[in-house]
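> The structure under discussion is supplied below as structure tokens; questions concerning it will follow.
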Amino acid sequence: MAKIHESQIFEYVQSVKEFSITWIAEDGRKIFVQQAKVTSFHSSGRTMNIECIASGKINKVVRLTVVELNGMEVFK
């Protein structure tokens, strides 16, 4: 499996039209979105808002909780 460093998430999601993403929620559940796009990335770089393309739902994702991005393992 290809890998991407967490510090590269911001640049990556802005360079692609859409992406799949998996992150760990506060309650420990893994959340997977098949088709998403970034709507905003907060200035500190800690969180980003993503839109699930299928439902239109907006999710706030803490960058440090992302474990997979477009099939790539995210490492710290």
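Residues in the structure tokens are named by chain (A, B, ... in the order shown) and by number from 1 within that chain; ligands are numbered from 1 in the order shown.
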If you run DSSP on this backbone, which residues of chain A come out as helix (DSSP H, G or I), and could you give them as an MDAnalysis selection string?
chainID A and resid 6:15 63:65
> Can you tell me which residues surround range 55-71 of chain A at a distance of at most 6 Å, considering only C-alpha atoms, apart from same-chain residues fewer than 3 positions away, and format the answer as a ChimeraX atom specification?
/A:19-24,46-52,74
> What is the CA of Thr39 in chain A-CA of Met1 in chain A distance in Å, reported with one decimal?
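That distance, rounded to one decimal, is 26.9 Å.
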> From a DSSP pass on the backbone, collect the residues of chain A flagged as strand (DSSP E or B) and hand them back as a ChimeraX atom specification.
/A:3-5,19-24,30-41,47-52,58-62,66-69,72-75
> What lies within 9 Å of Ile53 in chain A using only C-alpha atoms, ignoring chain neighbours under 3 positions off, as an mmCIF file with N, CA, C and O atoms, in the first residue's frame?

data_model
loop_
_atom_site.group_PDB
_atom_site.id
_atom_site.type_symbol
_atom_site.label_atom_id
_atom_site.label_comp_id
_atom_site.auth_asym_id
_atom_site.auth_seq_id
_atom_site.Cartn_x
_atom_site.Cartn_y
_atom_site.Cartn_z
ATOM 1 N N GLU A 18 -11.688 14.919 -6.329
ATOM 2 C CA GLU A 18 -12.365 14.212 -5.250
ATOM 3 C C GLU A 18 -11.457 13.095 -4.743
ATOM 4 O O GLU A 18 -10.488 12.738 -5.410
ATOM 5 N N VAL A 33 -15.540 7.621 3.775
ATOM 6 C CA VAL A 33 -16.320 8.326 2.755
ATOM 7 C C VAL A 33 -15.681 8.007 1.412
ATOM 8 O O VAL A 33 -14.499 8.268 1.201
ATOM 9 N N GLN A 34 -16.472 7.413 0.521
ATOM 10 C CA GLN A 34 -15.969 6.964 -0.782
ATOM 11 C C GLN A 34 -15.612 8.126 -1.704
ATOM 12 O O GLN A 34 -14.576 8.112 -2.346
ATOM 13 N N GLN A 35 -16.499 9.129 -1.771
ATOM 14 C CA GLN A 35 -16.259 10.268 -2.657
ATOM 15 C C GLN A 35 -16.460 11.541 -1.856
ATOM 16 O O GLN A 35 -17.572 11.837 -1.421
ATOM 17 N N ALA A 36 -15.374 12.282 -1.680
ATOM 18 C CA ALA A 36 -15.424 13.523 -0.901
ATOM 19 C C ALA A 36 -14.651 14.606 -1.623
ATOM 20 O O ALA A 36 -13.843 14.330 -2.509
ATOM 21 N N LYS A 37 -14.925 15.832 -1.206
ATOM 22 C CA LYS A 37 -14.119 16.958 -1.672
ATOM 23 C C LYS A 37 -13.928 17.891 -0.483
ATOM 24 O O LYS A 37 -14.759 17.956 0.415
ATOM 25 N N GLY A 56 -24.034 15.184 0.348
ATOM 26 C CA GLY A 56 -23.901 16.617 0.563
ATOM 27 C C GLY A 56 -23.573 16.978 2.005
ATOM 28 O O GLY A 56 -23.420 18.141 2.341
ATOM 29 N N LYS A 57 -23.439 15.977 2.868
ATOM 30 C CA LYS A 57 -23.145 16.210 4.290
ATOM 31 C C LYS A 57 -21.713 16.726 4.452
ATOM 32 O O LYS A 57 -20.790 16.234 3.821
#
> What is the CA of Val16 in chain A to CA of Phe75 in chain A distance in Å?
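For CA of Val16 in chain A relative to CA of Phe75 in chain A, the distance reads 19.6 Å.
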> Have a look at CA of Ala2 in chain A and CA of Lys76 in chain A and let me know their distance in Å, one decimal.
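A separation of 14.1 Å between them.
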